[in-house]
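K.L.:
Structure supplied as structure.tsv; contents: TSV, C-alpha atoms.
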chain	number	residue	atom	x	y	z
A	1	MET	CA	-15.76	90.60	19.61
A	2	GLY	CA	-14.32	92.04	16.42
A	3	ASP	CA	-10.80	91.44	15.26
A	4	GLN	CA	-9.59	94.96	15.91
A	5	ILE	CA	-8.51	95.97	19.40
A	6	LYS	CA	-9.90	99.43	20.12
A	7	ARG	CA	-10.53	99.45	23.86
A	8	ILE	CA	-8.85	97.48	26.64
A	9	GLY	CA	-9.76	96.97	30.28
A	10	ILE	CA	-7.25	96.91	33.14
A	11	LEU	CA	-7.91	95.46	36.61
A	12	THR	CA	-5.85	94.90	39.73
A	13	GLY	CA	-6.74	92.13	42.20
A	14	GLY	CA	-5.49	90.69	45.48
A	15	GLY	CA	-3.35	92.52	48.02
A	16	ASP	CA	-1.87	95.88	47.06
A	17	CYS	CA	1.85	96.40	46.63
A	18	PRO	CA	4.25	99.07	45.38
A	19	GLY	CA	4.43	99.13	41.58
A	20	LEU	CA	0.80	98.47	40.62
A	21	ASN	CA	0.40	102.00	39.30
A	22	SER	CA	3.68	101.59	37.42
A	23	VAL	CA	2.22	98.65	35.49
A	24	ILE	CA	-0.97	100.58	34.72
A	25	TYR	CA	1.08	103.53	33.45
A	26	GLY	CA	3.24	101.28	31.26
A	27	ILE	CA	0.10	99.87	29.66
A	28	MET	CA	-1.36	103.34	29.15
A	29	LEU	CA	1.82	104.69	27.54
A	30	LYS	CA	1.89	102.00	24.86
A	31	ALA	CA	-1.90	102.03	24.40
A	32	TYR	CA	-1.94	105.79	23.78
A	33	ASP	CA	0.89	105.43	21.30
A	34	ALA	CA	-1.10	102.74	19.47
A	35	GLY	CA	-4.34	104.73	19.51
A	36	ILE	CA	-6.13	102.36	21.89
A	37	GLU	CA	-8.46	103.52	24.66
A	38	CYS	CA	-7.96	102.25	28.22
A	39	VAL	CA	-10.72	101.73	30.76
A	40	GLY	CA	-10.01	101.01	34.42
A	41	ILE	CA	-12.03	98.27	36.09
A	42	LEU	CA	-12.39	99.03	39.79
A	43	LYS	CA	-11.94	96.61	42.71
A	44	GLY	CA	-10.60	93.65	40.75
A	45	TRP	CA	-13.00	90.89	39.71
A	46	LYS	CA	-15.71	92.47	41.85
A	47	GLY	CA	-15.75	95.50	39.55
A	48	PHE	CA	-15.54	93.29	36.47
A	49	ILE	CA	-18.71	91.47	37.56
A	50	GLU	CA	-20.52	94.64	38.70
A	51	ASN	CA	-19.49	96.91	35.78
A	52	LEU	CA	-17.51	99.33	37.98
A	53	THR	CA	-15.31	101.27	35.58
A	54	ILE	CA	-13.55	104.61	35.14
A	55	PRO	CA	-11.97	106.17	32.05
A	56	LEU	CA	-8.18	106.20	32.01
A	57	ASN	CA	-7.02	109.39	30.33
A	58	ILE	CA	-3.22	109.40	30.34
A	59	SER	CA	-3.09	113.21	30.34
A	60	GLU	CA	-4.60	113.14	33.84
A	61	HIS	CA	-2.04	110.72	35.26
A	62	ASP	CA	1.42	112.14	34.62
A	63	ASP	CA	4.18	110.03	36.24
A	64	LEU	CA	1.68	107.60	37.73
A	65	HIS	CA	4.52	105.10	38.06
A	66	THR	CA	6.01	107.08	40.96
A	67	ILE	CA	2.90	106.64	43.14
A	68	GLY	CA	2.33	103.63	45.41
A	69	GLY	CA	-0.79	101.47	45.52
A	70	THR	CA	-3.35	101.22	42.73
A	71	LEU	CA	-5.66	103.95	41.50
A	72	LEU	CA	-8.07	101.20	40.41
A	73	PHE	CA	-8.51	99.91	43.98
A	74	THR	CA	-8.41	96.18	44.60
A	75	SER	CA	-10.28	93.32	46.24
A	76	ARG	CA	-9.82	89.61	46.88
A	77	THR	CA	-13.09	88.70	45.14
A	78	ASN	CA	-12.98	85.17	43.72
A	79	PRO	CA	-15.69	84.57	41.09
A	80	PHE	CA	-15.21	80.80	41.47
A	81	SER	CA	-16.07	80.61	45.16
A	82	ALA	CA	-19.84	80.43	44.63
A	83	GLY	CA	-19.94	76.70	43.88
A	84	THR	CA	-20.99	76.92	40.23
A	85	SER	CA	-18.78	75.11	37.71
A	86	LYS	CA	-15.59	76.89	36.75
A	87	GLU	CA	-16.35	76.44	33.06
A	88	GLN	CA	-19.78	78.04	33.34
A	89	ILE	CA	-18.51	81.01	35.36
A	90	SER	CA	-15.56	81.48	32.98
A	91	LYS	CA	-17.94	81.72	30.02
A	92	GLU	CA	-20.16	84.17	31.90
A	93	LEU	CA	-17.12	86.31	32.68
A	94	ALA	CA	-15.98	86.23	29.06
A	95	ALA	CA	-19.42	87.46	27.99
A	96	LYS	CA	-18.86	90.55	30.17
A	97	PHE	CA	-16.39	91.91	27.62
A	98	GLU	CA	-19.31	93.09	25.50
A	99	VAL	CA	-21.12	94.60	28.49
A	100	LEU	CA	-17.97	96.47	29.54
A	101	GLY	CA	-17.27	97.53	25.96
A	102	ILE	CA	-13.73	96.13	25.92
A	103	ASP	CA	-11.92	94.05	23.31
A	104	ALA	CA	-9.19	92.73	25.62
A	105	LEU	CA	-8.33	92.60	29.31
A	106	VAL	CA	-5.04	92.98	31.18
A	107	ALA	CA	-5.37	91.39	34.62
A	108	ILE	CA	-2.74	92.31	37.21
A	109	GLY	CA	-2.65	89.97	40.19
A	110	GLY	CA	-1.37	86.85	41.88
A	111	ASP	CA	-2.27	83.18	41.52
A	112	ASP	CA	-5.94	83.75	42.45
A	113	THR	CA	-6.53	86.73	40.15
A	114	LEU	CA	-4.57	85.27	37.25
A	115	GLY	CA	-6.10	81.83	37.83
A	116	VAL	CA	-9.46	83.37	36.92
A	117	ALA	CA	-7.94	84.99	33.81
A	118	ASP	CA	-6.41	81.65	32.80
A	119	ALA	CA	-9.75	79.87	33.17
A	120	MET	CA	-11.42	82.52	30.99
A	121	TYR	CA	-8.83	81.86	28.32
A	122	GLN	CA	-8.95	78.06	28.64
A	123	TYR	CA	-12.76	77.77	28.51
A	124	SER	CA	-13.67	80.76	26.32
A	125	ASN	CA	-10.53	81.76	24.42
A	126	ALA	CA	-10.99	85.22	25.95
A	127	ASN	CA	-8.60	88.02	24.99
A	128	VAL	CA	-6.76	88.16	28.31
A	129	VAL	CA	-3.17	88.88	29.27
A	130	GLY	CA	-1.75	88.59	32.79
A	131	VAL	CA	0.81	90.56	34.80
A	132	PRO	CA	2.23	88.77	37.88
A	133	LYS	CA	1.71	90.59	41.18
A	134	THR	CA	2.62	89.18	44.54
A	135	ILE	CA	4.59	90.95	47.20
A	136	ASP	CA	5.79	87.50	48.35
A	137	ASN	CA	7.60	86.81	45.03
A	138	ASP	CA	6.20	83.26	45.03
A	139	LEU	CA	4.97	82.88	41.43
A	140	ALA	CA	6.90	80.26	39.46
A	141	GLY	CA	6.69	82.00	36.09
A	142	THR	CA	8.89	85.00	36.92
A	143	HIS	CA	12.21	85.52	38.67
A	144	TYR	CA	10.93	88.61	40.47
A	145	THR	CA	7.60	90.35	40.88
A	146	PHE	CA	7.27	94.12	41.21
A	147	GLY	CA	6.79	95.29	44.78
A	148	PHE	CA	8.97	92.55	46.23
A	149	TRP	CA	12.17	94.59	46.43
A	150	SER	CA	10.33	97.61	47.82
A	151	ALA	CA	8.91	95.38	50.57
A	152	VAL	CA	12.33	93.83	51.24
A	153	GLN	CA	13.76	97.33	51.65
A	154	LEU	CA	10.95	98.41	53.97
A	155	ALA	CA	11.42	95.32	56.15
A	156	SER	CA	15.20	95.80	56.09
A	157	ASN	CA	14.85	99.43	57.14
A	158	SER	CA	12.54	98.42	60.00
A	159	MET	CA	14.97	95.78	61.27
A	160	ASP	CA	17.91	98.16	60.94
A	161	ASN	CA	15.99	100.65	63.06
A	162	LEU	CA	14.96	98.01	65.60
A	163	THR	CA	18.59	96.96	65.94
A	164	THR	CA	19.46	100.34	67.48
A	165	THR	CA	16.74	99.83	70.12
A	166	ALA	CA	17.75	96.20	70.64
A	167	ARG	CA	21.35	97.28	71.17
A	168	SER	CA	20.39	100.08	73.57
A	169	HIS	CA	18.22	97.82	75.74
A	170	GLN	CA	20.15	94.56	75.23
A	171	ARG	CA	16.91	93.10	73.95
A	172	VAL	CA	15.67	90.20	71.80
A	173	PHE	CA	13.28	91.29	69.05
A	174	VAL	CA	11.16	88.75	67.17
A	175	VAL	CA	10.12	90.46	63.93
A	176	GLU	CA	7.22	88.95	61.99
A	177	ILE	CA	7.42	89.51	58.23
A	178	MET	CA	4.89	88.79	55.47
A	179	GLY	CA	5.09	85.37	53.86
A	180	ARG	CA	2.27	82.90	54.40
A	181	ASP	CA	3.58	80.05	52.24
A	182	ALA	CA	7.00	81.18	51.05
A	183	GLY	CA	9.84	82.85	52.90
A	184	PHE	CA	11.40	85.07	50.24
A	185	LEU	CA	10.62	88.36	52.03
A	186	THR	CA	11.92	87.10	55.37
A	187	MET	CA	15.00	85.46	53.89
A	188	TYR	CA	16.06	88.43	51.78
A	189	SER	CA	15.39	91.12	54.39
A	190	GLY	CA	16.83	88.92	57.16
A	191	ILE	CA	20.09	88.30	55.32
A	192	SER	CA	20.21	91.96	54.22
A	193	THR	CA	20.09	93.22	57.82
A	194	GLY	CA	22.11	90.41	59.37
A	195	ALA	CA	19.22	88.99	61.39
A	196	ASP	CA	20.56	86.50	63.92
A	197	ILE	CA	17.90	83.83	63.35
A	198	ILE	CA	15.72	83.52	60.21
A	199	LEU	CA	12.63	81.27	60.27
A	200	ILE	CA	10.68	80.55	57.07
A	201	PRO	CA	7.74	78.28	56.09
A	202	GLU	CA	9.89	76.07	53.84
A	203	THR	CA	11.97	74.81	56.78
A	204	PRO	CA	9.88	74.09	59.93
A	205	PHE	CA	11.90	75.09	62.99
A	206	ASP	CA	12.94	73.38	66.19
A	207	LEU	CA	12.44	75.74	69.14
A	208	GLU	CA	15.28	74.18	71.13
A	209	GLU	CA	17.88	73.82	68.39
A	210	ASP	CA	17.08	76.75	66.12
A	211	ILE	CA	16.25	79.41	68.71
A	212	VAL	CA	17.07	78.60	72.35
A	213	GLU	CA	20.48	77.02	71.75
A	214	VAL	CA	21.44	79.71	69.24
A	215	LEU	CA	20.57	82.47	71.73
A	216	LYS	CA	22.54	80.72	74.46
A	217	ASN	CA	25.57	80.33	72.19
A	218	ARG	CA	25.33	83.96	71.10
A	219	VAL	CA	25.12	85.39	74.61
A	220	LYS	CA	28.04	83.17	75.74
A	221	ALA	CA	30.07	84.53	72.82
A	222	GLY	CA	29.41	88.10	73.98
A	223	HIS	CA	26.39	89.14	71.86
A	224	LYS	CA	24.05	91.32	73.90
A	225	HIS	CA	21.19	91.94	71.45
A	226	HIS	CA	19.45	89.67	68.98
A	227	ILE	CA	17.05	90.00	66.02
A	228	ILE	CA	14.90	87.01	65.02
A	229	ALA	CA	13.22	87.40	61.61
A	230	VAL	CA	10.22	85.09	61.22
A	231	SER	CA	7.78	84.61	58.35
A	232	GLU	CA	4.12	84.89	59.31
A	233	GLY	CA	3.66	81.35	57.96
A	234	ALA	CA	6.64	79.80	59.76
A	235	TYR	CA	5.73	76.92	62.04
A	236	PRO	CA	7.48	74.41	64.35
A	237	LYS	CA	8.40	70.83	63.58
A	238	LEU	CA	5.89	68.35	64.99
A	239	GLU	CA	8.43	66.82	67.41
A	240	SER	CA	9.39	70.28	68.69
A	241	LEU	CA	5.73	71.26	69.02
A	242	LYS	CA	5.14	68.22	71.24
A	243	ARG	CA	8.40	68.51	73.21
A	244	ASP	CA	9.13	72.21	73.62
A	245	PHE	CA	5.92	74.26	73.42
A	246	LYS	CA	3.85	75.17	76.45
A	247	THR	CA	1.48	77.80	74.98
A	248	ILE	CA	0.30	75.95	71.85
A	249	SER	CA	-0.19	72.34	70.78
A	250	GLN	CA	-1.22	70.38	67.71
A	251	GLU	CA	-4.79	70.99	68.83
A	252	THR	CA	-4.19	74.75	68.57
A	253	ILE	CA	-3.16	74.34	64.94
A	254	ASP	CA	-6.03	71.93	64.21
A	255	LYS	CA	-8.51	74.52	65.49
A	256	LEU	CA	-7.17	77.33	63.31
A	257	PRO	CA	-9.50	78.66	60.57
A	258	LYS	CA	-9.03	76.81	57.28
A	259	ASP	CA	-8.44	78.18	53.81
A	260	ALA	CA	-10.49	77.20	50.76
A	261	PHE	CA	-8.41	74.03	50.41
A	262	GLY	CA	-8.77	72.95	54.04
A	263	ASN	CA	-5.27	73.98	55.15
A	264	PRO	CA	-4.90	75.68	58.56
A	265	LEU	CA	-4.30	79.44	58.32
A	266	LEU	CA	-0.98	79.53	60.15
A	267	THR	CA	-0.89	83.34	59.95
A	268	HIS	CA	-3.61	83.37	62.64
A	269	LEU	CA	-1.10	81.88	65.08
A	270	LYS	CA	0.78	85.22	65.27
A	271	ILE	CA	3.93	83.10	65.43
A	272	SER	CA	6.16	85.97	66.58
A	273	GLN	CA	4.06	86.38	69.71
A	274	ILE	CA	4.06	82.62	70.31
A	275	VAL	CA	7.88	82.54	70.10
A	276	VAL	CA	8.13	85.43	72.57
A	277	GLN	CA	5.76	83.72	75.01
A	278	GLU	CA	7.71	80.47	74.80
A	279	LEU	CA	11.08	82.16	75.29
A	280	ASN	CA	9.78	84.09	78.29
A	281	LEU	CA	8.89	80.77	79.94
A	282	ARG	CA	12.44	79.42	79.61
A	283	ALA	CA	14.17	79.78	82.99
A	284	ASP	CA	17.32	78.15	81.57
A	285	LEU	CA	17.55	80.84	78.89
A	286	LYS	CA	17.11	83.66	81.40
A	287	GLN	CA	19.78	82.08	83.63
A	288	GLU	CA	22.25	81.86	80.73
A	289	PHE	CA	21.69	85.52	79.92
A	290	ASN	CA	22.08	86.55	83.58
A	291	GLU	CA	25.31	84.57	83.95
A	292	ASN	CA	26.68	86.56	81.02
A	293	GLY	CA	25.63	89.94	82.41
A	294	VAL	CA	22.49	90.46	80.34
A	295	ASP	CA	18.90	90.76	81.58
A	296	PHE	CA	16.66	88.68	79.31
A	297	GLU	CA	13.99	90.82	77.62
A	298	CYS	CA	12.08	89.68	74.54
A	299	ARG	CA	9.54	91.59	72.44
A	300	SER	CA	7.63	90.92	69.22
A	301	VAL	CA	7.05	93.32	66.34
A	302	ILE	CA	4.62	92.52	63.49
A	303	LEU	CA	5.45	94.55	60.38
A	304	GLY	CA	2.21	93.57	58.63
A	305	HIS	CA	0.80	96.02	56.12
A	306	THR	CA	3.60	98.52	56.62
A	307	MET	CA	5.48	96.35	54.10
A	308	ARG	CA	2.97	97.29	51.39
A	309	ALA	CA	3.24	100.98	52.19
A	310	GLY	CA	4.69	103.96	50.37
A	311	THR	CA	6.08	104.50	46.90
A	312	PRO	CA	7.84	101.79	44.87
A	313	ASN	CA	11.62	101.88	44.75
A	314	SER	CA	13.40	102.50	41.46
A	315	PHE	CA	13.69	98.81	40.58
A	316	ASP	CA	9.96	98.22	41.04
A	317	ARG	CA	8.98	101.39	39.16
A	318	ILE	CA	11.00	100.29	36.16
A	319	LEU	CA	9.94	96.62	36.37
A	320	GLY	CA	6.30	97.70	36.60
A	321	LEU	CA	6.65	99.93	33.54
A	322	ARG	CA	8.38	97.13	31.62
A	323	PHE	CA	5.67	94.65	32.55
A	324	GLY	CA	2.95	97.10	31.48
A	325	LEU	CA	4.67	97.78	28.16
A	326	ALA	CA	5.14	94.06	27.51
A	327	ALA	CA	1.52	93.26	28.41
A	328	MET	CA	0.24	95.87	25.97
A	329	LYS	CA	2.53	94.51	23.26
A	330	LEU	CA	1.03	91.03	23.78
A	331	VAL	CA	-2.42	92.55	23.32
A	332	LEU	CA	-1.35	94.29	20.09
A	333	GLU	CA	0.20	91.05	18.83
A	334	ARG	CA	-2.94	89.14	19.89
A	335	LYS	CA	-0.88	86.74	21.99
A	336	PHE	CA	-3.53	86.03	24.59
A	337	GLY	CA	-3.52	83.53	27.43
A	338	LYS	CA	0.01	84.70	28.33
A	339	MET	CA	1.61	86.20	31.43
A	340	VAL	CA	4.53	88.60	31.16
A	341	CYS	CA	7.54	87.70	33.28
A	342	LEU	CA	11.12	88.58	34.15
A	343	LYS	CA	13.70	85.98	33.13
A	344	SER	CA	17.20	87.06	34.14
A	345	ASN	CA	16.99	90.70	33.00
A	346	LYS	CA	14.72	90.12	30.01
A	347	ILE	CA	10.96	90.56	29.86
A	348	GLU	CA	9.41	87.45	28.33
A	349	SER	CA	6.05	85.70	28.48
A	350	VAL	CA	4.79	82.28	29.56
A	351	PRO	CA	1.35	80.64	29.39
A	352	LEU	CA	-0.88	81.85	32.22
A	353	SER	CA	-1.39	78.27	33.37
A	354	GLU	CA	2.36	77.89	33.89
A	355	GLY	CA	3.04	81.35	35.28
A	356	VAL	CA	0.57	81.18	38.17
A	357	LYS	CA	2.11	78.09	39.77
A	358	LYS	CA	3.70	78.61	43.19
A	359	LYS	CA	7.42	78.65	43.92
A	360	TYR	CA	9.31	78.28	47.18
A	361	ILE	CA	12.84	78.60	48.50
A	362	THR	CA	14.47	75.23	47.79
A	363	PRO	CA	17.05	73.50	50.01
A	364	ASP	CA	19.82	73.99	47.42
A	365	ASN	CA	19.26	77.78	47.29
A	366	ASP	CA	22.42	79.68	48.23
A	367	LYS	CA	20.34	81.94	50.50
A	368	MET	CA	19.72	78.90	52.71
A	369	GLU	CA	23.48	78.40	53.07
A	370	LEU	CA	24.02	82.10	53.76
A	371	ARG	CA	21.35	82.04	56.46
A	372	ASP	CA	22.92	79.08	58.22
A	373	LEU	CA	26.44	80.53	57.97
A	374	LEU	CA	25.29	83.87	59.40
A	375	VAL	CA	23.86	82.08	62.42
A	376	LYS	CA	26.81	79.79	63.04
A	377	ILE	CA	29.93	81.76	62.18
A	378	ARG	CA	29.13	84.93	64.10
A	379	TYR	CA	29.15	83.23	67.49
A	380	LEU	CA	31.79	80.61	66.63
A	381	SER	CA	34.24	83.30	65.51
A	382	LYS	CA	33.98	85.07	68.88
A	383	GLN	CA	34.50	82.01	71.05
A	384	LYS	CA	37.61	82.26	73.20
Starting from the coordinates I provided, produce the structure as structure tokens.

P.N.:
Amino acid sequence: MGDQIKRIGILTGGGDCPGLNSVIYGIMLKAYDAGIECVGILKGWKGFIENLTIPLNISEHDDLHTIGGTLLFTSRTNPFSAGTSKEQISKELAAKFEVLGIDALVAIGGDDTLGVADAMYQYSNANVVGVPKTIDNDLAGTHYTFGFWSAVQLASNSMDNLTTTARSHQRVFVVEIMGRDAGFLTMYSGISTGADIILIPETPFDLEEDIVEVLKNRVKAGHKHHIIAVSEGAYPKLESLKRDFKTISQETIDKLPKDAFGNPLLTHLKISQIVVQELNLRADLKQEFNENGVDFECRSVILGHTMRAGTPNSFDRILGLRFGLAAMKLVLERKFGKMVCLKSNKIESVPLSEGVKKKYITPDNDKMELRDLLVKIRYLSKQK
């Protein structure tokens, strides 16, 4: 590879989310201004390996940042899953720059996608720059990722809408929200809409204390409808699993499919449906509702991929554009092996190896306190 950057590749990997096109457009704006050609690499690392590319002519993509999804398509292809050494594969990937005719690469993705980019840089000193993308907002290197706030708004809108049905039918809704390992989406959208119970992966729940008793206290205080927001990766405490659950056991969890690291895929539990099944078996809960003039009715709703849908909101459009601009500036300054990030309200950069680490909601987070206060105060304040 020569010293001069004339042509850059752009790829998007992992799950889609609002704002991907905004990042691409931000890169293209600065690249055009600098006289650099952009080539789109299709389907993430799959397209990088298989030479699947398209030209990116900015004149054909006016206001691309207003459109959801990614025009480059995406995949969850992991080049390191074949069993060959990471160093060898990284060097083979770096050699693809010449085949693809690119002098640098901007990879847009989460910990898996950017982990590959980091390995390419570590083992081959490849000209790569990363842009953090995860709808879950669980990358340690940045305060927020694009797409997160759009997804929070979509989940909030859904729960707001469900509340009108819950109120009309005096119903309990258990709403399952994306978040396999971290509960940011559930916590933020749950607090935003005033969800009555919020369950996240960081704090395993007790069915009796955190759900049944709360519902009993709420109905005694006069509440006639209830929204439970639950992360897809939320799971019960071991003692509660043994004591309270009738429809699943530790054996159920042990038999779940495993991820690449041998951890059970808790998302396969469909935890919202499990909670509904367990609550429907509780005669004591139904009796408490009946004694307070409410027929117990409980339903589950899984928001799933609807949270990735539609156009990015204004925040994510602008953050995506800023990330794209910053990534292209790193390329022009030849500051490779970096990931752009948002720190407070400033766009900065961190080493890829640092940026792709996971983050979680910590016990001292003020959102934890808000969640617990929302649960407790609303029924305490109505007690006679």

K.L.:
What's the 12 Å shell around A:Lys270, counting all atoms listed in the file, without same-chain residues fewer than 3 positions away, as a PDB file with C-alpha atoms, in the coordinates of the input?

P.N.:
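Listing of part_6.pdb after writing:
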ATOM      1  CA  VAL A 174      11.160  88.750  67.170  1.00  0.00           C
ATOM      2  CA  VAL A 175      10.120  90.460  63.930  1.00  0.00           C
ATOM      3  CA  GLU A 176       7.220  88.950  61.990  1.00  0.00           C
ATOM      4  CA  ILE A 177       7.420  89.510  58.230  1.00  0.00           C
ATOM      5  CA  MET A 178       4.890  88.790  55.470  1.00  0.00           C
ATOM      6  CA  ARG A 180       2.270  82.900  54.400  1.00  0.00           C
ATOM      7  CA  VAL A 230      10.220  85.090  61.220  1.00  0.00           C
ATOM      8  CA  SER A 231       7.780  84.610  58.350  1.00  0.00           C
ATOM      9  CA  GLU A 232       4.120  84.890  59.310  1.00  0.00           C
ATOM     10  CA  GLY A 233       3.660  81.350  57.960  1.00  0.00           C
ATOM     11  CA  ALA A 234       6.640  79.800  59.760  1.00  0.00           C
ATOM     12  CA  TYR A 235       5.730  76.920  62.040  1.00  0.00           C
ATOM     13  CA  ILE A 248       0.300  75.950  71.850  1.00  0.00           C
ATOM     14  CA  ILE A 253      -3.160  74.340  64.940  1.00  0.00           C
ATOM     15  CA  LEU A 256      -7.170  77.330  63.310  1.00  0.00           C
ATOM     16  CA  LEU A 265      -4.300  79.440  58.320  1.00  0.00           C
ATOM     17  CA  LEU A 266      -0.980  79.530  60.150  1.00  0.00           C
ATOM     18  CA  THR A 267      -0.890  83.340  59.950  1.00  0.00           C
ATOM     19  CA  GLN A 273       4.060  86.380  69.710  1.00  0.00           C
ATOM     20  CA  ILE A 274       4.060  82.620  70.310  1.00  0.00           C
ATOM     21  CA  VAL A 275       7.880  82.540  70.100  1.00  0.00           C
ATOM     22  CA  VAL A 276       8.130  85.430  72.570  1.00  0.00           C
ATOM     23  CA  GLN A 277       5.760  83.720  75.010  1.00  0.00           C
ATOM     24  CA  SER A 300       7.630  90.920  69.220  1.00  0.00           C
ATOM     25  CA  VAL A 301       7.050  93.320  66.340  1.00  0.00           C
ATOM     26  CA  ILE A 302       4.620  92.520  63.490  1.00  0.00           C
ATOM     27  CA  LEU A 303       5.450  94.550  60.380  1.00  0.00           C
ATOM     28  CA  GLY A 304       2.210  93.570  58.630  1.00  0.00           C
TER      29      GLY A 304
END

K.L.:
Which one is closest to A:Gly355: A:Pro132, A:Pro236, A:Gly194, A:Pro312? Count only C-alpha atoms.

P.N.:
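So, comparing all the options, the nearest one is A:Pro132.
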
K.L.:
Return the single residue from A:Ser90, A:Tyr25, A:Phe73, A:Cys17 that is closest to A:Gly44, with distances computed using only C-alpha atoms.

P.N.:
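When distances to A:Gly44 are compared using only C-alpha atoms, the smallest one comes from A:Phe73.
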
K.L.:
Which one of A:His61, A:His268, A:Lys133, A:Lys91 sits closest to A:Asp316 if you count all atoms listed in the file?

P.N.:
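Among the listed residues, the smallest separation from A:Asp316 belongs to A:Lys133.
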
K.L.:
Could you check how far atom CA of A:Arg317 sits from atom CA of A:Phe184, in Å to one decimal?

P.N.:
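Separating atom CA of A:Arg317 from atom CA of A:Phe184 is a distance of 19.9 Å.
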
K.L.:
So, counting all atoms listed in the file, which residue among A:Val375, A:Val23, A:Cys298, A:Ala140 is closest to A:Ile108?

P.N.:
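Using all atoms listed in the file, the shortest distance to A:Ile108 belongs to A:Val23.
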
K.L.:
Please return, as a VMD selection string, all polymer residues that have at least one atom within 9 Å of the point (20.1, 93.4, 56.4); use only C-alpha atoms and the file's own coordinate frame.

P.N.:
chain A and resid 153 155 to 157 159 to 160 188 to 195

K.L.:
Between atom CA of A:Pro55 and atom CA of A:Ser150, measure the distance and give it in Å to one decimal.

P.N.:
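It comes out at 28.6 Å.
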
K.L.:
I want to know what sits within 12 Å of A:Ile10, based on all atoms listed in the file, with residues of the same chain fewer than 6 positions away left out; could you give that as an mmCIF file with C-alpha atoms, in the frame of the given file?

P.N.:
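What landed in part-v2.cif:
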data_model
loop_
_atom_site.group_PDB
_atom_site.id
_atom_site.type_symbol
_atom_site.label_atom_id
_atom_site.label_comp_id
_atom_site.auth_asym_id
_atom_site.auth_seq_id
_atom_site.Cartn_x
_atom_site.Cartn_y
_atom_site.Cartn_z
ATOM 1 C CA LEU A 20 0.800 98.470 40.620
ATOM 2 C CA ASN A 21 0.400 102.000 39.300
ATOM 3 C CA VAL A 23 2.220 98.650 35.490
ATOM 4 C CA ILE A 24 -0.970 100.580 34.720
ATOM 5 C CA TYR A 25 1.080 103.530 33.450
ATOM 6 C CA GLY A 26 3.240 101.280 31.260
ATOM 7 C CA ILE A 27 0.100 99.870 29.660
ATOM 8 C CA MET A 28 -1.360 103.340 29.150
ATOM 9 C CA ALA A 31 -1.900 102.030 24.400
ATOM 10 C CA GLU A 37 -8.460 103.520 24.660
ATOM 11 C CA CYS A 38 -7.960 102.250 28.220
ATOM 12 C CA VAL A 39 -10.720 101.730 30.760
ATOM 13 C CA GLY A 40 -10.010 101.010 34.420
ATOM 14 C CA ILE A 41 -12.030 98.270 36.090
ATOM 15 C CA LEU A 42 -12.390 99.030 39.790
ATOM 16 C CA LYS A 43 -11.940 96.610 42.710
ATOM 17 C CA GLY A 44 -10.600 93.650 40.750
ATOM 18 C CA TRP A 45 -13.000 90.890 39.710
ATOM 19 C CA GLY A 47 -15.750 95.500 39.550
ATOM 20 C CA PHE A 48 -15.540 93.290 36.470
ATOM 21 C CA LEU A 52 -17.510 99.330 37.980
ATOM 22 C CA THR A 53 -15.310 101.270 35.580
ATOM 23 C CA ILE A 54 -13.550 104.610 35.140
ATOM 24 C CA PRO A 55 -11.970 106.170 32.050
ATOM 25 C CA LEU A 56 -8.180 106.200 32.010
ATOM 26 C CA THR A 70 -3.350 101.220 42.730
ATOM 27 C CA LEU A 71 -5.660 103.950 41.500
ATOM 28 C CA LEU A 72 -8.070 101.200 40.410
ATOM 29 C CA PHE A 73 -8.510 99.910 43.980
ATOM 30 C CA THR A 74 -8.410 96.180 44.600
ATOM 31 C CA PHE A 97 -16.390 91.910 27.620
ATOM 32 C CA LEU A 100 -17.970 96.470 29.540
ATOM 33 C CA ILE A 102 -13.730 96.130 25.920
ATOM 34 C CA ASP A 103 -11.920 94.050 23.310
ATOM 35 C CA ALA A 104 -9.190 92.730 25.620
ATOM 36 C CA LEU A 105 -8.330 92.600 29.310
ATOM 37 C CA VAL A 106 -5.040 92.980 31.180
ATOM 38 C CA ALA A 107 -5.370 91.390 34.620
ATOM 39 C CA ILE A 108 -2.740 92.310 37.210
ATOM 40 C CA GLY A 109 -2.650 89.970 40.190
ATOM 41 C CA ALA A 117 -7.940 84.990 33.810
ATOM 42 C CA VAL A 128 -6.760 88.160 28.310
ATOM 43 C CA VAL A 129 -3.170 88.880 29.270
ATOM 44 C CA GLY A 130 -1.750 88.590 32.790
ATOM 45 C CA VAL A 131 0.810 90.560 34.800
ATOM 46 C CA GLY A 324 2.950 97.100 31.480
ATOM 47 C CA ALA A 327 1.520 93.260 28.410
ATOM 48 C CA MET A 328 0.240 95.870 25.970
ATOM 49 C CA VAL A 331 -2.420 92.550 23.320
#

K.L.:
Would you mind telling me which residue in A:Thr84, A:Ser344, A:Asp16, A:Val99 lies nearest to A:Asn51 when using all atoms listed in the file?

P.N.:
A:Val99

K.L.:
What is the distance, in Å and to one decimal place, between atom CA of A:Arg299 and atom CA of A:Val172?

P.N.:
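That distance, rounded to one decimal, is 6.3 Å.
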
K.L.:
When distances are computed from all atoms listed in the file, which of A:Ala166, A:Leu238, A:Ala151, A:Ile5 shows the smallest separation from A:Lys329?

P.N.:
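Among the listed residues, A:Ile5 lies closest to A:Lys329.
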
K.L.:
For A:Ser349, please output as a list in words all residues within 9 Å (counting all atoms listed in the file; exclusion window: fewer than 2 positions along the same chain).

P.N.:
Gly141, Thr142, Ala326, Ala327, Leu330, Lys338, Met339, Val340, Cys341, Leu342, Lys343, Ile347, Pro351, Leu352 and Gly355 of chain A
